[in-house]
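So this one's run20.pdb, PDB, C-alpha atoms and all ligand atoms:
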MODEL        1
ATOM      1  CA  MET A 511      56.475   8.244 -36.978  1.00  0.00           C
ATOM      2  CA  ALA A 512      58.558  10.532 -34.767  1.00  0.00           C
ATOM      3  CA  ASN A 513      59.015   8.313 -31.690  1.00  0.00           C
ATOM      4  CA  ARG A 514      59.711   4.742 -32.782  1.00  0.00           C
ATOM      5  CA  LYS A 515      59.313   3.153 -29.322  1.00  0.00           C
ATOM      6  CA  ASP A 516      56.026   1.412 -30.148  1.00  0.00           C
ATOM      7  CA  ASP A 517      56.541   1.221 -33.899  1.00  0.00           C
ATOM      8  CA  ILE A 518      57.224  -2.038 -35.628  1.00  0.00           C
ATOM      9  CA  LEU A 519      59.460  -2.791 -38.543  1.00  0.00           C
ATOM     10  CA  LEU A 520      58.069  -5.583 -40.680  1.00  0.00           C
ATOM     11  CA  ILE A 521      60.024  -7.342 -43.386  1.00  0.00           C
ATOM     12  CA  GLY A 522      58.210  -9.371 -46.014  1.00  0.00           C
ATOM     13  CA  LEU A 523      54.653  -8.731 -47.131  1.00  0.00           C
ATOM     14  CA  GLY A 524      53.526 -12.278 -47.897  1.00  0.00           C
ATOM     15  CA  ARG A 525      50.177 -13.453 -46.478  1.00  0.00           C
ATOM     16  CA  PHE A 526      51.641 -13.795 -42.975  1.00  0.00           C
ATOM     17  CA  GLY A 527      53.389 -10.424 -43.123  1.00  0.00           C
ATOM     18  CA  GLN A 528      50.310  -8.648 -44.442  1.00  0.00           C
ATOM     19  CA  ALA A 529      48.092 -10.136 -41.734  1.00  0.00           C
ATOM     20  CA  LEU A 530      50.639  -9.048 -39.112  1.00  0.00           C
ATOM     21  CA  ALA A 531      50.930  -5.546 -40.540  1.00  0.00           C
ATOM     22  CA  GLN A 532      47.183  -5.026 -40.724  1.00  0.00           C
ATOM     23  CA  THR A 533      46.577  -6.399 -37.232  1.00  0.00           C
ATOM     24  CA  LEU A 534      49.361  -4.335 -35.667  1.00  0.00           C
ATOM     25  CA  THR A 535      48.052  -1.237 -37.453  1.00  0.00           C
ATOM     26  CA  GLY A 536      44.564  -2.016 -36.124  1.00  0.00           C
ATOM     27  CA  LEU A 537      46.063  -2.277 -32.626  1.00  0.00           C
ATOM     28  CA  GLY A 538      47.325   1.287 -32.994  1.00  0.00           C
ATOM     29  CA  HIS A 539      50.971   0.683 -33.899  1.00  0.00           C
ATOM     30  CA  ASP A 540      52.772   2.374 -36.736  1.00  0.00           C
ATOM     31  CA  VAL A 541      54.255  -0.269 -39.004  1.00  0.00           C
ATOM     32  CA  LEU A 542      57.030   0.307 -41.484  1.00  0.00           C
ATOM     33  CA  ALA A 543      56.718  -2.558 -43.962  1.00  0.00           C
ATOM     34  CA  ILE A 544      59.602  -3.467 -46.247  1.00  0.00           C
ATOM     35  CA  ASP A 545      59.445  -5.789 -49.216  1.00  0.00           C
ATOM     36  CA  SER A 546      61.949  -6.288 -51.998  1.00  0.00           C
ATOM     37  CA  ASP A 547      59.222  -6.700 -54.620  1.00  0.00           C
ATOM     38  CA  PRO A 548      57.905  -3.332 -55.862  1.00  0.00           C
ATOM     39  CA  LYS A 549      54.687  -4.958 -57.111  1.00  0.00           C
ATOM     40  CA  VAL A 550      53.971  -6.337 -53.633  1.00  0.00           C
ATOM     41  CA  CYS A 551      54.664  -2.907 -52.105  1.00  0.00           C
ATOM     42  CA  GLN A 552      52.378  -1.270 -54.646  1.00  0.00           C
ATOM     43  CA  ALA A 553      49.583  -3.770 -53.899  1.00  0.00           C
ATOM     44  CA  CYS A 554      49.867  -3.155 -50.127  1.00  0.00           C
ATOM     45  CA  SER A 555      50.257   0.598 -50.180  1.00  0.00           C
ATOM     46  CA  GLY A 556      46.481   1.162 -50.097  1.00  0.00           C
ATOM     47  CA  ASP A 557      46.084  -0.772 -46.822  1.00  0.00           C
ATOM     48  CA  LEU A 558      49.321   0.220 -45.093  1.00  0.00           C
ATOM     49  CA  ALA A 559      50.562   3.737 -44.405  1.00  0.00           C
ATOM     50  CA  HIS A 560      54.309   3.096 -44.641  1.00  0.00           C
ATOM     51  CA  VAL A 561      55.546   0.669 -47.275  1.00  0.00           C
ATOM     52  CA  VAL A 562      59.070   0.770 -48.673  1.00  0.00           C
ATOM     53  CA  THR A 563      60.751  -1.272 -51.384  1.00  0.00           C
ATOM     54  CA  ALA A 564      64.166  -2.417 -50.147  1.00  0.00           C
ATOM     55  CA  ASP A 565      66.335  -5.507 -49.854  1.00  0.00           C
ATOM     56  CA  ALA A 566      66.287  -6.382 -46.175  1.00  0.00           C
ATOM     57  CA  THR A 567      69.321  -8.645 -46.471  1.00  0.00           C
ATOM     58  CA  SER A 568      71.456  -5.511 -46.707  1.00  0.00           C
ATOM     59  CA  PRO A 569      72.123  -3.679 -43.417  1.00  0.00           C
ATOM     60  CA  GLU A 570      72.986  -0.583 -45.456  1.00  0.00           C
ATOM     61  CA  ALA A 571      69.612  -0.607 -47.258  1.00  0.00           C
ATOM     62  CA  LEU A 572      67.889  -1.092 -43.900  1.00  0.00           C
ATOM     63  CA  ARG A 573      69.810   1.785 -42.362  1.00  0.00           C
ATOM     64  CA  GLN A 574      68.796   4.025 -45.252  1.00  0.00           C
ATOM     65  CA  VAL A 575      65.112   3.493 -44.487  1.00  0.00           C
ATOM     66  CA  GLY A 576      65.697   4.178 -40.784  1.00  0.00           C
ATOM     67  CA  ALA A 577      65.374   0.557 -39.655  1.00  0.00           C
ATOM     68  CA  ASP A 578      67.979   1.078 -36.936  1.00  0.00           C
ATOM     69  CA  GLN A 579      65.566   3.405 -35.092  1.00  0.00           C
ATOM     70  CA  PHE A 580      63.128   0.591 -34.278  1.00  0.00           C
ATOM     71  CA  ARG A 581      62.970  -1.356 -31.041  1.00  0.00           C
ATOM     72  CA  SER A 582      60.859  -4.184 -32.491  1.00  0.00           C
ATOM     73  CA  ALA A 583      61.093  -5.935 -35.818  1.00  0.00           C
ATOM     74  CA  VAL A 584      59.682  -9.031 -37.439  1.00  0.00           C
ATOM     75  CA  VAL A 585      61.085 -10.995 -40.354  1.00  0.00           C
ATOM     76  CA  ALA A 586      58.111 -12.504 -42.169  1.00  0.00           C
ATOM     77  CA  ILE A 587      60.031 -14.102 -45.015  1.00  0.00           C
ATOM     78  CA  GLY A 588      59.510 -17.860 -45.171  1.00  0.00           C
ATOM     79  CA  ASN A 589      60.316 -19.638 -48.405  1.00  0.00           C
ATOM     80  CA  ASP A 590      63.514 -17.824 -49.196  1.00  0.00           C
ATOM     81  CA  ILE A 591      65.439 -19.193 -46.230  1.00  0.00           C
ATOM     82  CA  GLN A 592      68.656 -17.447 -47.182  1.00  0.00           C
ATOM     83  CA  ALA A 593      66.872 -14.065 -47.326  1.00  0.00           C
ATOM     84  CA  SER A 594      65.142 -14.801 -43.998  1.00  0.00           C
ATOM     85  CA  ILE A 595      68.460 -15.591 -42.291  1.00  0.00           C
ATOM     86  CA  MET A 596      70.295 -12.670 -43.870  1.00  0.00           C
ATOM     87  CA  ALA A 597      67.503 -10.207 -42.996  1.00  0.00           C
ATOM     88  CA  THR A 598      67.473 -11.456 -39.392  1.00  0.00           C
ATOM     89  CA  PHE A 599      71.233 -11.144 -39.231  1.00  0.00           C
ATOM     90  CA  SER A 600      71.032  -7.587 -40.617  1.00  0.00           C
ATOM     91  CA  LEU A 601      68.561  -6.618 -37.877  1.00  0.00           C
ATOM     92  CA  VAL A 602      70.848  -8.135 -35.240  1.00  0.00           C
ATOM     93  CA  ASP A 603      73.688  -6.173 -36.799  1.00  0.00           C
ATOM     94  CA  LEU A 604      71.671  -2.965 -36.452  1.00  0.00           C
ATOM     95  CA  GLY A 605      71.190  -3.713 -32.749  1.00  0.00           C
ATOM     96  CA  ILE A 606      67.381  -3.960 -32.772  1.00  0.00           C
ATOM     97  CA  PRO A 607      66.459  -5.173 -29.280  1.00  0.00           C
ATOM     98  CA  ARG A 608      63.428  -7.348 -30.102  1.00  0.00           C
ATOM     99  CA  ILE A 609      63.461  -9.436 -33.251  1.00  0.00           C
ATOM    100  CA  TRP A 610      60.768 -11.946 -34.181  1.00  0.00           C
ATOM    101  CA  ALA A 611      61.287 -14.232 -37.138  1.00  0.00           C
ATOM    102  CA  LYS A 612      59.084 -16.678 -38.960  1.00  0.00           C
ATOM    103  CA  ALA A 613      60.478 -20.154 -39.640  1.00  0.00           C
ATOM    104  CA  ILE A 614      59.106 -22.832 -41.911  1.00  0.00           C
ATOM    105  CA  THR A 615      61.083 -25.796 -40.556  1.00  0.00           C
ATOM    106  CA  SER A 616      62.673 -26.595 -37.210  1.00  0.00           C
ATOM    107  CA  GLN A 617      66.153 -26.378 -38.767  1.00  0.00           C
ATOM    108  CA  HIS A 618      65.307 -22.951 -40.150  1.00  0.00           C
ATOM    109  CA  GLY A 619      64.072 -21.936 -36.681  1.00  0.00           C
ATOM    110  CA  ALA A 620      67.238 -23.204 -35.006  1.00  0.00           C
ATOM    111  CA  ILE A 621      69.405 -21.187 -37.394  1.00  0.00           C
ATOM    112  CA  LEU A 622      67.321 -18.036 -36.854  1.00  0.00           C
ATOM    113  CA  GLN A 623      67.748 -18.452 -33.118  1.00  0.00           C
ATOM    114  CA  ARG A 624      71.484 -19.013 -33.503  1.00  0.00           C
ATOM    115  CA  VAL A 625      71.756 -15.916 -35.686  1.00  0.00           C
ATOM    116  CA  GLY A 626      70.117 -13.864 -32.940  1.00  0.00           C
ATOM    117  CA  ALA A 627      66.314 -13.813 -33.382  1.00  0.00           C
ATOM    118  CA  HIS A 628      64.754 -13.344 -29.947  1.00  0.00           C
ATOM    119  CA  ARG A 629      61.533 -15.143 -30.799  1.00  0.00           C
ATOM    120  CA  VAL A 630      60.966 -17.641 -33.588  1.00  0.00           C
ATOM    121  CA  VAL A 631      57.431 -18.494 -34.691  1.00  0.00           C
ATOM    122  CA  PHE A 632      56.221 -21.379 -36.827  1.00  0.00           C
ATOM    123  CA  PRO A 633      52.840 -20.217 -38.197  1.00  0.00           C
ATOM    124  CA  GLU A 634      52.193 -23.163 -40.517  1.00  0.00           C
ATOM    125  CA  ARG A 635      53.192 -25.784 -37.950  1.00  0.00           C
ATOM    126  CA  ASP A 636      51.276 -24.100 -35.109  1.00  0.00           C
ATOM    127  CA  MET A 637      48.149 -23.650 -37.203  1.00  0.00           C
ATOM    128  CA  GLY A 638      48.354 -27.317 -38.244  1.00  0.00           C
ATOM    129  CA  VAL A 639      48.460 -28.343 -34.567  1.00  0.00           C
ATOM    130  CA  ARG A 640      45.564 -26.032 -33.757  1.00  0.00           C
ATOM    131  CA  VAL A 641      43.361 -27.189 -36.623  1.00  0.00           C
ATOM    132  CA  ALA A 642      44.086 -30.865 -35.869  1.00  0.00           C
ATOM    133  CA  HIS A 643      42.812 -30.376 -32.319  1.00  0.00           C
ATOM    134  CA  THR A 644      39.641 -28.664 -33.489  1.00  0.00           C
ATOM    135  CA  MET A 645      38.894 -31.723 -35.639  1.00  0.00           C
ATOM    136  CA  ILE A 646      38.779 -34.030 -32.632  1.00  0.00           C
ATOM    137  CA  GLY A 647      36.281 -34.355 -29.775  1.00  0.00           C
ATOM    138  CA  ARG A 648      34.436 -31.191 -28.754  1.00  0.00           C
ATOM    139  CA  THR A 649      37.337 -28.790 -29.210  1.00  0.00           C
ATOM    140  CA  ILE A 650      36.385 -25.554 -30.943  1.00  0.00           C
ATOM    141  CA  ASP A 651      39.644 -23.716 -30.469  1.00  0.00           C
ATOM    142  CA  TYR A 652      43.007 -24.716 -29.056  1.00  0.00           C
ATOM    143  CA  VAL A 653      45.838 -22.458 -27.995  1.00  0.00           C
ATOM    144  CA  GLU A 654      49.125 -23.898 -26.814  1.00  0.00           C
ATOM    145  CA  LEU A 655      50.618 -21.608 -24.174  1.00  0.00           C
ATOM    146  CA  ASP A 656      53.848 -23.545 -23.895  1.00  0.00           C
ATOM    147  CA  ASP A 657      54.826 -27.183 -24.224  1.00  0.00           C
ATOM    148  CA  GLU A 658      52.706 -28.280 -21.313  1.00  0.00           C
ATOM    149  CA  PHE A 659      49.730 -25.949 -20.946  1.00  0.00           C
ATOM    150  CA  VAL A 660      46.815 -25.142 -23.219  1.00  0.00           C
ATOM    151  CA  LEU A 661      43.643 -23.102 -23.400  1.00  0.00           C
ATOM    152  CA  ILE A 662      40.767 -24.990 -24.999  1.00  0.00           C
ATOM    153  CA  GLU A 663      37.412 -23.628 -26.076  1.00  0.00           C
ATOM    154  CA  THR A 664      34.905 -26.450 -25.952  1.00  0.00           C
ATOM    155  CA  THR A 665      31.273 -27.302 -25.230  1.00  0.00           C
ATOM    156  CA  VAL A 666      29.919 -28.501 -21.888  1.00  0.00           C
ATOM    157  CA  PRO A 667      30.131 -32.303 -21.631  1.00  0.00           C
ATOM    158  CA  ARG A 668      26.781 -34.015 -21.063  1.00  0.00           C
ATOM    159  CA  GLU A 669      27.807 -35.459 -17.678  1.00  0.00           C
ATOM    160  CA  LEU A 670      28.369 -31.966 -16.240  1.00  0.00           C
ATOM    161  CA  ALA A 671      25.254 -30.327 -17.661  1.00  0.00           C
ATOM    162  CA  GLY A 672      23.038 -28.653 -15.096  1.00  0.00           C
ATOM    163  CA  LYS A 673      25.728 -28.639 -12.388  1.00  0.00           C
ATOM    164  CA  SER A 674      27.656 -25.727 -10.962  1.00  0.00           C
ATOM    165  CA  ILE A 675      31.427 -25.818 -11.399  1.00  0.00           C
ATOM    166  CA  ALA A 676      31.761 -26.498  -7.656  1.00  0.00           C
ATOM    167  CA  ALA A 677      29.179 -29.318  -7.695  1.00  0.00           C
ATOM    168  CA  ALA A 678      30.744 -30.863 -10.786  1.00  0.00           C
ATOM    169  CA  GLN A 679      34.124 -30.774  -8.979  1.00  0.00           C
ATOM    170  CA  VAL A 680      35.764 -29.776 -12.234  1.00  0.00           C
ATOM    171  CA  ARG A 681      39.118 -28.900 -10.697  1.00  0.00           C
ATOM    172  CA  GLN A 682      39.324 -31.989  -8.466  1.00  0.00           C
ATOM    173  CA  ARG A 683      38.067 -34.531 -11.005  1.00  0.00           C
ATOM    174  CA  PHE A 684      39.523 -33.227 -14.251  1.00  0.00           C
ATOM    175  CA  GLU A 685      42.395 -31.020 -13.029  1.00  0.00           C
ATOM    176  CA  VAL A 686      41.399 -28.160 -15.313  1.00  0.00           C
ATOM    177  CA  THR A 687      40.104 -24.676 -14.559  1.00  0.00           C
ATOM    178  CA  VAL A 688      37.018 -23.321 -16.293  1.00  0.00           C
ATOM    179  CA  LEU A 689      37.902 -19.706 -16.994  1.00  0.00           C
ATOM    180  CA  CYS A 690      34.764 -18.456 -18.706  1.00  0.00           C
ATOM    181  CA  VAL A 691      31.407 -19.527 -20.027  1.00  0.00           C
ATOM    182  CA  LYS A 692      29.295 -18.350 -22.938  1.00  0.00           C
ATOM    183  CA  ARG A 693      25.565 -19.012 -23.050  1.00  0.00           C
ATOM    184  CA  PRO A 694      23.987 -19.513 -26.486  1.00  0.00           C
ATOM    185  CA  GLY A 695      23.661 -16.080 -28.122  1.00  0.00           C
ATOM    186  CA  GLY A 696      25.563 -14.416 -25.261  1.00  0.00           C
ATOM    187  CA  LYS A 697      29.121 -13.334 -24.613  1.00  0.00           C
ATOM    188  CA  PHE A 698      31.865 -14.939 -22.570  1.00  0.00           C
ATOM    189  CA  THR A 699      31.725 -14.068 -18.869  1.00  0.00           C
ATOM    190  CA  TYR A 700      34.178 -15.097 -16.159  1.00  0.00           C
ATOM    191  CA  ALA A 701      33.241 -18.329 -14.465  1.00  0.00           C
ATOM    192  CA  THR A 702      32.967 -18.682 -10.698  1.00  0.00           C
ATOM    193  CA  GLN A 703      32.476 -21.784  -8.574  1.00  0.00           C
ATOM    194  CA  ASP A 704      28.722 -21.040  -8.650  1.00  0.00           C
ATOM    195  CA  THR A 705      28.481 -20.839 -12.430  1.00  0.00           C
ATOM    196  CA  VAL A 706      26.104 -23.520 -13.713  1.00  0.00           C
ATOM    197  CA  LEU A 707      27.195 -25.349 -16.837  1.00  0.00           C
ATOM    198  CA  ASN A 708      24.410 -26.029 -19.320  1.00  0.00           C
ATOM    199  CA  LEU A 709      24.324 -28.110 -22.460  1.00  0.00           C
ATOM    200  CA  GLY A 710      24.947 -25.767 -25.384  1.00  0.00           C
ATOM    201  CA  ASP A 711      27.207 -23.437 -23.364  1.00  0.00           C
ATOM    202  CA  LEU A 712      30.757 -22.864 -24.503  1.00  0.00           C
ATOM    203  CA  VAL A 713      33.558 -22.945 -21.945  1.00  0.00           C
ATOM    204  CA  VAL A 714      37.210 -21.994 -22.038  1.00  0.00           C
ATOM    205  CA  VAL A 715      39.310 -24.324 -19.927  1.00  0.00           C
ATOM    206  CA  PHE A 716      42.930 -24.024 -18.933  1.00  0.00           C
ATOM    207  CA  GLY A 717      45.122 -26.882 -17.856  1.00  0.00           C
ATOM    208  CA  ALA A 718      48.000 -29.228 -18.503  1.00  0.00           C
ATOM    209  CA  THR A 719      47.742 -30.382 -22.108  1.00  0.00           C
ATOM    210  CA  ARG A 720      46.730 -33.983 -21.395  1.00  0.00           C
ATOM    211  CA  LYS A 721      44.165 -32.968 -18.760  1.00  0.00           C
ATOM    212  CA  ALA A 722      42.557 -30.250 -20.877  1.00  0.00           C
ATOM    213  CA  GLU A 723      42.476 -32.543 -23.915  1.00  0.00           C
ATOM    214  CA  ALA A 724      40.856 -35.269 -21.825  1.00  0.00           C
ATOM    215  CA  PHE A 725      38.229 -32.784 -20.626  1.00  0.00           C
ATOM    216  CA  ALA A 726      37.469 -31.767 -24.216  1.00  0.00           C
ATOM    217  CA  ALA A 727      37.167 -35.427 -25.195  1.00  0.00           C
ATOM    218  CA  LEU A 728      34.454 -36.181 -22.580  1.00  0.00           C
ATOM    219  CA  LEU A 729      31.145 -37.071 -24.173  1.00  0.00           C
TER
HETATM  220  P1  LIG B   1      53.477 -16.246 -46.885  1.00  0.00           P
HETATM  221  O1  LIG B   1      53.364 -17.718 -46.620  1.00  0.00           O
HETATM  222  O2  LIG B   1      53.364 -15.393 -45.674  1.00  0.00           O
HETATM  223  O3  LIG B   1      52.624 -15.765 -48.025  1.00  0.00           O
HETATM  224  P2  LIG B   1      56.062 -16.969 -47.768  1.00  0.00           P
HETATM  225  O4  LIG B   1      56.453 -17.899 -46.681  1.00  0.00           O
HETATM  226  O5  LIG B   1      55.649 -17.570 -49.083  1.00  0.00           O
HETATM  227  O6  LIG B   1      54.954 -15.971 -47.334  1.00  0.00           O
HETATM  228  P3  LIG B   1      58.133 -15.582 -49.026  1.00  0.00           P
HETATM  229  O7  LIG B   1      57.466 -15.700 -50.334  1.00  0.00           O
HETATM  230  O8  LIG B   1      59.404 -16.263 -48.832  1.00  0.00           O
HETATM  231  O9  LIG B   1      57.232 -15.963 -47.863  1.00  0.00           O
HETATM  232  O10 LIG B   1      58.357 -14.034 -48.688  1.00  0.00           O
HETATM  233  C1  LIG B   1      57.363 -13.173 -48.217  1.00  0.00           C
HETATM  234  C2  LIG B   1      57.648 -11.798 -48.752  1.00  0.00           C
HETATM  235  O11 LIG B   1      58.990 -11.439 -48.432  1.00  0.00           O
HETATM  236  C3  LIG B   1      57.510 -11.679 -50.271  1.00  0.00           C
HETATM  237  O12 LIG B   1      56.563 -10.679 -50.566  1.00  0.00           O
HETATM  238  C4  LIG B   1      58.902 -11.335 -50.736  1.00  0.00           C
HETATM  239  O13 LIG B   1      58.888 -10.407 -51.827  1.00  0.00           O
HETATM  240  C5  LIG B   1      59.529 -10.709 -49.504  1.00  0.00           C
HETATM  241  N1  LIG B   1      60.993 -10.827 -49.514  1.00  0.00           N
HETATM  242  C6  LIG B   1      61.737 -11.890 -49.901  1.00  0.00           C
HETATM  243  N2  LIG B   1      63.039 -11.605 -49.819  1.00  0.00           N
HETATM  244  C7  LIG B   1      63.135 -10.333 -49.350  1.00  0.00           C
HETATM  245  C8  LIG B   1      64.218  -9.461 -49.048  1.00  0.00           C
HETATM  246  N3  LIG B   1      65.489  -9.840 -49.212  1.00  0.00           N
HETATM  247  N4  LIG B   1      63.938  -8.233 -48.577  1.00  0.00           N
HETATM  248  C9  LIG B   1      62.662  -7.822 -48.398  1.00  0.00           C
HETATM  249  N5  LIG B   1      61.608  -8.593 -48.676  1.00  0.00           N
HETATM  250  C10 LIG B   1      61.817  -9.842 -49.143  1.00  0.00           C
ENDMDL
END
Written as C-alpha cells, that's how I'd like the structure from this file.
Ligand code: ATP
Amino acid sequence: MANRKDDILLIGLGRFGQALAQTLTGLGHDVLAIDSDPKVCQACSGDLAHVVTADATSPEALRQVGADQFRSAVVAIGNDIQASIMATFSLVDLGIPRIWAKAITSQHGAILQRVGAHRVVFPERDMGVRVAHTMIGRTIDYVELDDEFVLIETTVPRELAGKSIAAAQVRQRFEVTVLCVKRPGGKFTYATQDTVLNLGDLVVVFGATRKAEAFAALL
C-alpha cells in the first residue's frame, strides 16, 4: 500500500463495514480496515488483506496506523453514536479530504455533517425505502438519485406491449425515459426510440419520482 491515493480507510467491521470492505476490495482498492474489537478483526482477517485493531476515536491511535495518509475514509460505526461521532471528528482532525459516515437516525446524520463528514449515508433508512417500493406495483428495483429523481427497474405495462418506445410515446405521455430493456433470458441493452416493448421484458426507467412511480404502477 505504497501510494494511498486510491486506498480507503474503513472504520468499523459490522455487517455494513464488511460489505463495504469486500466490495471495495473487489473493485481493486486497497482497504485498511480498523475495528476496536480484536475478535472482529480476527474473524475478518481471512477475507481482508489489511485489518488492524485500534480505537478510531483516538486521533493518536489513527495516526499510528497511518490513517493520516489516506484521502478517503468511511466511518461504518452505527449503534455506538458517540464512537461514530468521535471517529469522524478524529478523521477531520487528521485532515482526510473525503470522509463518508454512516448514520442511523437523522439527528445522528446532522451531527456527523456538523462535525465535518463530507457525505452521510443512511443504509437502513435507504434500504427500507427501496424495499417498500419493490413491494408495490411492478417495481423490481428502485434507486433514488436525489430527492426528486429515481431509476426504477420494472416490467412492461400491458398497455404498451408490442409498441416501440416512439409509438407508445413514453416520454410525452408518462414523462419518463426508458434507458434499457432486457428480454427474457437476455441482458440489458440500451433502448432507442425503435425498441419494441414486449410483455415479459424488463425496463429501467428514469424520471421525476412521481412520474416514474406512476409508470411503474401502470397495469
Ligand atoms: P452493522 O449494522 O453494520 O452490523 P452496527 O450499526 O451494529 O453495524 P456497531 O455495532 O455500532 O455498528 O459498530 C460496527 C463495528 O464498529 C463493530 O465491529 C465495532 O467493534 C466497531 N467499533 C465500534 N467502536 C469502535 C471504535 N471506537 N473504533 C473502531 N471500531 C469501533
> If you count all atoms listed in the file, which residues fall within 10 Å of Asp516 of chain A, apart from same-chain ones fewer than 5 positions away, as number ranges by chain?
Replying inline: A: 511, 538-541, 580-582
> Using the chain letters and numbers from the file, which residues does the PyMOL selection byres (((chain A and resi 700) around 8) and not hetatm) grab, as a PyMOL selection string?
Replying inline: chain A and resi 689-691+698-699+701-702
>> Which residues, named as in the file, does the PyMOL selection byres (((not hetatm)) within 6 of (chain B and resi 1)) pick out? Answer as an MDAnalysis selection string.
In response: chainID A and resid 521:527 544:547 550 564:567 587:590 593
> What residues come out when you apply the PyMOL selection byres (((chain A and resi 673-687) around 6) and not hetatm) to this file, written as a PyMOL selection string?
Replying inline: chain A and resi 670-672+688-689+703-707+715-717
> Nearest to Gly647 of chain A: which of A:Ala727, A:Arg720, A:Pro569, A:Thr615 is it, counting only C-alpha atoms?
Replying inline: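 Of A:Ala727, A:Arg720, A:Pro569, A:Thr615, the one nearest Gly647 of chain A is A:Ala727, counting only C-alpha atoms.
Of the listed residues A:Gly638, A:Gly626, A:Gly695, A:Gly556, the one whose atoms come nearest to Ala611 of chain A is A:Gly626, with distances taken using all atoms listed in the file.
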>> So that I can see what lies close to Asp636 of chain A, please list as a PyMOL selection string the residues with an atom at most 12 Å from it, counting all atoms listed in the file and leaving out residues fewer than 2 positions away in the same chain.
In response: chain A and resi 612-616+630-634+638-643+652-657
> Between atom CA of Thr719 of chain A and atom CA of Leu530 of chain A, what is the distance, to one decimal in Å?
Replying inline: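 Between atom CA of Thr719 of chain A and atom CA of Leu530 of chain A the gap is 27.4 Å.
Using all atoms listed in the file, the smallest distance between any of A:Arg573, A:Thr664, A:Lys697, A:Leu709 and Ala726 of chain A comes from A:Thr664.
In this structure, atom CA of Thr535 of chain A sits 21.2 Å away from atom CA of Leu601 of chain A.
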> Between atom CA of Gln528 of chain A and atom CA of Ala559 of chain A, what is the spacing in Å?
Replying inline: 12.4 Å
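Ranking A:Val713, A:Ile650, A:Ala543, A:Cys551 by their shortest atom-to-atom distance to Gly576 of chain A, with all atoms listed in the file included, puts A:Ala543 first.
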Restore all heavy atoms in segment 691-696 of chain A and list the result as a CSV table (one decimal), in the frame of the given file.
chain,number,residue,atom,x,y,z
A,691,VAL,N,32.6,-18.8,-19.5
A,691,VAL,CA,31.4,-19.5,-20.0
A,691,VAL,C,30.6,-18.6,-20.9
A,691,VAL,O,30.5,-17.4,-20.6
A,691,VAL,CB,30.5,-20.0,-18.9
A,691,VAL,CG1,29.3,-20.7,-19.4
A,691,VAL,CG2,31.2,-20.9,-17.9
A,692,LYS,N,30.1,-19.2,-22.0
A,692,LYS,CA,29.3,-18.4,-22.9
A,692,LYS,C,28.0,-19.1,-23.2
A,692,LYS,O,28.0,-20.2,-23.6
A,692,LYS,CB,30.1,-18.2,-24.3
A,692,LYS,CG,29.4,-17.3,-25.3
A,692,LYS,CD,30.4,-17.1,-26.4
A,692,LYS,CE,29.8,-16.7,-27.7
A,692,LYS,NZ,30.8,-16.5,-28.7
A,693,ARG,N,26.9,-18.4,-22.8
A,693,ARG,CA,25.6,-19.0,-23.0
A,693,ARG,C,25.2,-18.8,-24.5
A,693,ARG,O,25.7,-17.9,-25.2
A,693,ARG,CB,24.5,-18.3,-22.2
A,693,ARG,CG,24.8,-18.1,-20.7
A,693,ARG,CD,24.6,-19.4,-20.0
A,693,ARG,NE,24.9,-19.2,-18.6
A,693,ARG,CZ,25.5,-20.2,-17.8
A,693,ARG,NH1,25.8,-21.3,-18.3
A,693,ARG,NH2,25.7,-20.0,-16.5
A,694,PRO,N,24.3,-19.7,-25.1
A,694,PRO,CA,24.0,-19.5,-26.5
A,694,PRO,C,23.5,-18.1,-26.8
A,694,PRO,O,22.7,-17.6,-26.0
A,694,PRO,CB,22.8,-20.5,-26.7
A,694,PRO,CG,23.1,-21.5,-25.6
A,694,PRO,CD,23.6,-20.8,-24.5
A,695,GLY,N,24.1,-17.4,-27.8
A,695,GLY,CA,23.7,-16.1,-28.1
A,695,GLY,C,24.3,-15.0,-27.2
A,695,GLY,O,24.1,-13.8,-27.5
A,696,GLY,N,25.0,-15.4,-26.2
A,696,GLY,CA,25.6,-14.4,-25.3
A,696,GLY,C,27.0,-14.2,-25.5
A,696,GLY,O,27.6,-14.5,-26.6
